[in-house]
Amino acid sequence: MEHFESDLMNLSKALLSSNDISGLMTFLNSDDLSFIQVERVNIILKNDHDASPILYFFDQEKDLQCYQYNQNSFLLHSIVNDGCTHRIQGEALYFSYPQLIEHPAYSNVDNYCKVPLISACKQLGSIEFINVELKDDGYSEKQFKLFTNMITSMVEHIIEHELASNIAQQISDERNNFQMLVDVTNAVISRSTKKELITSLLKFLYQHFSMSDLSIIQTHDGHYGQHSCSYSHGKIDYRCHFFSNDDVIKDAVENNKSVVLSAKTIQQLSLDNNVPFFPLAVKSACVVPMVFRNSTIGYICYMQREDKPYPPQDVELFLQIAARVALAMHSLKVHEAISKTIPTTDYINIEESYMDHAIFDDIISQSEVMNKVLDQVAMVADCDSTVLVLGESGTGKELIAQAIHKLSRRSNTRMVKMNCAAVPAGLFESELFGHERGAFTGAISQRVGRFEQAHKGTLFLDEIGDMPLELQPKLLRALQESEIERVGKNQLISVDVRIVVATNANLLSMVESKAFRGDLYYRLNVFPIKIPPLRERPEDIPLLVKHFTRVISKKMGKDITAIAAETLDTLSNFPWPGNVRELRNFIERSVILTRGHVLSAPIDELVTASSVNSQNNIINSKPILAATENIFDRNAVISALRESNGIIAGPRGAAVKLNVKRTTLLSRMQKMGIKSHDYLAEINKSHSE
């Protein structure tokens, strides 16, 4: 009796001090109980979610373990799920349930007793006594029953306490998440550019999640633009990336679901440039869609520098953050649309969002014609087909060749360049194929040619039209057979090279005049890409002006932050016969002349140059307008239509007079609201009068 009262007192103290199952299990398996002689005690509680039993027991090392039963494991111990009291000898227990022999909770059982824990007609679970010793009398049985009732009350108390704690924690988490969503909304909603938005978002995520890397992915004319930020040592590194292979984020694109990427997947992606970009330090990532009004406007890629899982609650929070960012992106788009309709101010900030249109950090464009070029680049990059890049001098043919290489399977190898116009005819073969020592006078050592240097990579031959005619058959053979011969060595060398060539010459005319071999031309002309001149994409000029001003002024140590709106309009309307190269050189000259914060551009030089070019062209061909004249001037287009009687195509058409393609003229007329038949009707009317 004394032991029993002592045990009840100890149990009451435990009831007041223990608020979890671990404390209860420690008390029941301790030596503080003297009334009940038991080797060990297990507790089985029912899960709140699906009512499946959970077994709590101490292993041989006295560590608390948790075993979750399921539908398939009920047969392991079927009596756990009923509400009856069971007393079984160890041999009978193992005979009925042979699987228990291997279970650590039921080792060395001589006798087994299970008592249900029932409170207010609700079964909470049961308690198992392993190797218990009780006197065989009614008084001991009553004491044992009272003891189990006390344990039932304690278990009910623990369950209610855990439930209250969980509810309090859930309320606290919801309050914290709500405040976090308010903070992230404030962080992104007032940003005026995409770069500012993503930078502000990364600072927020770094503060709350210690996240150092982030990117926003958006679709654009069949490919993806990815704007990434990395935070390291107090500095933010911002870069742009272009890709078209979206296999790794397919579930996010097609089903609007979050996609988690492991370190292994990210490592495999690092071998290909035509996929989403991940910094080297990133080991895991989570891509979630940005949805605004049931429309997906892009994807956020959250990145971690550790290979660890993303908890479901974090992914859910990332989705809610993405929804706020989607709202900010929509507001930014509306702001940009409204800004275009507002009269321009006297000065324009060069830090405006031109980087949103940067591809590979090199190509900057927002024009429709250049987007078609980039689509062609994305289509041909994965192939090993020969690419012929056509375009006027200074249009950026080498940049397009670099883009093809970066998106190809050979991106991890070299891209070897050779300017055919800069190599003397006598050294051309040696430069291209290499030579042996003593092959000719001055060959004092062996030389590896460009083909061998580009093995497994890409060979870019610029100004291919200047290649000597007598060497063209050797180049043709190398392309067809993938074999070369060094000068002075009669031995074939196998090479695996992807060829990209460029020229500003009309190769077909050269073929007709026998200045270029026809068979080589058709071998090179597998996939031609024509880069439009700058005058056919004037909407790109403001972006390029801002980019060149920012880069060159930073290089020269000057702080140029703005450009006059009138100056920018003049630059946008100038034809730039030297294309992007001429524009860059002009901006460099302007930066040199600038003393303050506003770009000082020598506009008078452009007017003079335009006048000289126009006069020279008029002398050469008076009926046709100068190629460098501003063909996008409305009066010039109308004048050409009147002179052509409203005819656009043909030798006497307006397109010929303006020295542009028929399709280009039609596109510009549509934007200007000019219709050719209006001027044809005007001429007919004047004749009738």
# chains A, B, ... in the order shown; residues from 1 in each chain; ligands from 1
$ select_by_dssp --residues "range 482-655 of chain A" --states "alpha helix (DSSP H)" --output "PyMOL selection string"
chain A and resi 507-512+518-524+541-555+565-573+579-593+603-620+634-643+654-655
$ atom_distance --atom1 "CA of Gln37 in chain A" --atom2 "CA of Asn111 in chain A"
12.4 Å
$ closest_atom_pairs --of "range 186-222 of chain A" --to "range 278-286 of chain A" --cutoff "12 Å" --atoms "only C-alpha atoms" --output "tab-separated table"
residue	atom	partner	partner_atom	distance
A:Met211	CA	A:Val282	CA	10.2
A:Ser212	CA	A:Val282	CA	9.0
A:Asp213	CA	A:Val282	CA	7.6
A:Leu214	CA	A:Phe278	CA	9.1
A:Ser215	CA	A:Phe278	CA	8.9
A:Ile216	CA	A:Cys286	CA	11.8
$ write_last_selection --atoms "C-alpha atoms" --output "tab-separated table (two decimals), in the first residue's frame"
chain	number	residue	atom	x	y	z
A	211	MET	CA	19.46	32.91	-49.77
A	212	SER	CA	22.32	34.32	-51.86
A	213	ASP	CA	21.16	33.49	-55.40
A	214	LEU	CA	17.96	34.17	-57.31
A	215	SER	CA	16.73	34.46	-60.88
A	216	ILE	CA	13.57	35.42	-62.77
$ select_by_dssp --residues "range 470-573 of chain A" --states "strand (DSSP E or B)" --output "PyMOL selection string"
chain A and resi 483-485+487+492-494+498-503+527-530+562-564
$ residues_around --residues "Ile552 in chain A" --least-positions-apart "4" --cutoff "9 Å" --atoms "only C-alpha atoms" --output "list in words"
His547, Phe548, Met556, Gly557, Lys558, Ile587, Glu588 and Val591 of chain A
$ residues_around --residues "Ile560 in chain A" --least-positions-apart "3" --cutoff "12 Å" --atoms "only C-alpha atoms" --output "PyMOL selection string"
chain A and resi 347-351+546-557+563-564+587+590-600
$ residues_around --residues "Lys122 in chain A" --least-positions-apart "6" --cutoff "12 Å" --atoms "only C-alpha atoms" --output "MDAnalysis selection string"
chainID A and resid 45:46 83 116 152 156
$ residues_around --residues "Asn108 in chain A" --least-positions-apart "6" --cutoff "10 Å" --atoms "only C-alpha atoms" --output "ChimeraX atom specification"
/A:90,101,130-131
$ residues_around --residues "Arg523 in chain A" --least-positions-apart "3" --cutoff "9 Å" --atoms "only C-alpha atoms" --output "mmCIF file with C-alpha atoms, in the first residue's frame"
data_model
loop_
_atom_site.group_PDB
_atom_site.id
_atom_site.type_symbol
_atom_site.label_atom_id
_atom_site.label_comp_id
_atom_site.auth_asym_id
_atom_site.auth_seq_id
_atom_site.Cartn_x
_atom_site.Cartn_y
_atom_site.Cartn_z
ATOM 1 C CA THR A 386 27.602 24.898 -90.900
ATOM 2 C CA LEU A 476 35.900 22.441 -99.218
ATOM 3 C CA LEU A 479 34.607 20.450 -94.627
ATOM 4 C CA GLN A 480 33.448 17.385 -96.547
ATOM 5 C CA GLY A 518 30.129 27.727 -106.288
ATOM 6 C CA ASP A 519 30.615 24.300 -104.664
ATOM 7 C CA LEU A 520 32.147 25.908 -101.575
ATOM 8 C CA VAL A 526 23.596 25.219 -95.131
#
$ closest_residue --among "A:Leu327, A:Met154, A:Met379, A:Ile167" --to "Asn245 in chain A" --atoms "only C-alpha atoms"
A:Met379
$ closest_residue --among "A:Asp314, A:Asp375, A:Asp183, A:Asp540" --to "Leu583 in chain A" --atoms "only C-alpha atoms"
A:Asp540
$ closest_atom_pairs --of "range 528-623 of chain A" --to "range 498-511 of chain A" --cutoff "12 Å" --atoms "only C-alpha atoms" --output "Markdown table"
| residue | atom | partner | partner_atom | distance |
| --- | --- | --- | --- | --- |
| A:Pro528 | CA | A:Ala502 | CA | 9.5 |
| A:Ile529 | CA | A:Ala502 | CA | 9.3 |
| A:Lys530 | CA | A:Ala502 | CA | 9.8 |
| A:Ile531 | CA | A:Asn504 | CA | 10.0 |
| A:Pro532 | CA | A:Asn504 | CA | 11.4 |
| A:Pro533 | CA | A:Asn504 | CA | 10.9 |
| A:Gly578 | CA | A:Asn504 | CA | 11.8 |
$ write_last_selection --atoms "C-alpha atoms" --output "PDB file, in the first residue's frame"
ATOM      1  CA  PRO A 528      22.227  31.239 -93.524  1.00  0.00           C
ATOM      2  CA  ILE A 529      21.465  33.871 -90.884  1.00  0.00           C
ATOM      3  CA  LYS A 530      21.121  37.456 -92.112  1.00  0.00           C
ATOM      4  CA  ILE A 531      21.704  40.169 -89.532  1.00  0.00           C
ATOM      5  CA  PRO A 532      19.702  43.314 -90.298  1.00  0.00           C
ATOM      6  CA  PRO A 533      21.594  46.615 -90.431  1.00  0.00           C
ATOM      7  CA  GLY A 578      28.855  51.607 -90.143  1.00  0.00           C
TER       8      GLY A 578
END
$ atom_distance --atom1 "CA of Leu427 in chain A" --atom2 "CA of Phe440 in chain A"
10.5 Å
$ decode --residues "range 235-250 of chain A" --atoms "N, CA, C and O atoms" --output "compact mmCIF listing (two decimals), in the first residue's frame"
# COMPACT_ATOMS: atom_id res chain seq x y z
N LYS A 235 28.18 42.63 -52.05
CA LYS A 235 27.99 43.10 -53.42
C LYS A 235 27.02 42.19 -54.17
O LYS A 235 26.96 40.99 -53.90
N ILE A 236 26.29 42.77 -55.11
CA ILE A 236 25.33 42.01 -55.91
C ILE A 236 25.82 41.94 -57.35
O ILE A 236 26.10 42.96 -57.97
N ASP A 237 25.94 40.73 -57.85
CA ASP A 237 26.35 40.50 -59.24
C ASP A 237 25.10 40.19 -60.06
O ASP A 237 24.37 39.25 -59.75
N TYR A 238 24.87 40.98 -61.09
CA TYR A 238 23.67 40.85 -61.92
C TYR A 238 24.07 40.41 -63.31
O TYR A 238 25.02 40.94 -63.89
N ARG A 239 23.38 39.41 -63.87
CA ARG A 239 23.71 38.96 -65.22
C ARG A 239 22.45 38.45 -65.91
O ARG A 239 21.43 38.14 -65.28
N CYS A 240 22.53 38.41 -67.26
CA CYS A 240 21.42 37.92 -68.09
C CYS A 240 21.85 36.67 -68.83
O CYS A 240 23.03 36.51 -69.16
N HIS A 241 20.89 35.79 -69.09
CA HIS A 241 21.18 34.54 -69.78
C HIS A 241 20.03 34.24 -70.73
O HIS A 241 18.88 34.64 -70.49
N PHE A 242 20.33 33.53 -71.80
CA PHE A 242 19.37 33.22 -72.86
C PHE A 242 19.39 31.72 -73.10
O PHE A 242 20.46 31.13 -73.24
N PHE A 243 18.23 31.05 -73.10
CA PHE A 243 18.20 29.62 -73.37
C PHE A 243 16.85 29.24 -73.98
O PHE A 243 15.88 30.01 -73.91
N SER A 244 16.81 28.06 -74.59
CA SER A 244 15.56 27.60 -75.21
C SER A 244 15.17 26.19 -74.76
O SER A 244 14.03 25.77 -74.95
N ASN A 245 16.10 25.44 -74.14
CA ASN A 245 15.81 24.08 -73.66
C ASN A 245 15.23 24.15 -72.26
O ASN A 245 15.92 24.43 -71.29
N ASP A 246 13.90 23.91 -72.14
CA ASP A 246 13.22 24.04 -70.85
C ASP A 246 12.83 22.70 -70.25
O ASP A 246 11.92 22.63 -69.41
N ASP A 247 13.48 21.60 -70.66
CA ASP A 247 13.10 20.27 -70.18
C ASP A 247 13.13 20.17 -68.66
O ASP A 247 12.28 19.54 -68.04
N VAL A 248 14.13 20.79 -68.05
CA VAL A 248 14.31 20.63 -66.60
C VAL A 248 13.22 21.35 -65.80
O VAL A 248 12.96 21.01 -64.65
N ILE A 249 12.55 22.34 -66.39
CA ILE A 249 11.47 23.05 -65.70
C ILE A 249 10.13 22.81 -66.39
O ILE A 249 9.21 23.62 -66.28
N LYS A 250 10.02 21.69 -67.10
CA LYS A 250 8.83 21.39 -67.89
C LYS A 250 7.55 21.38 -67.05
O LYS A 250 6.50 21.86 -67.46
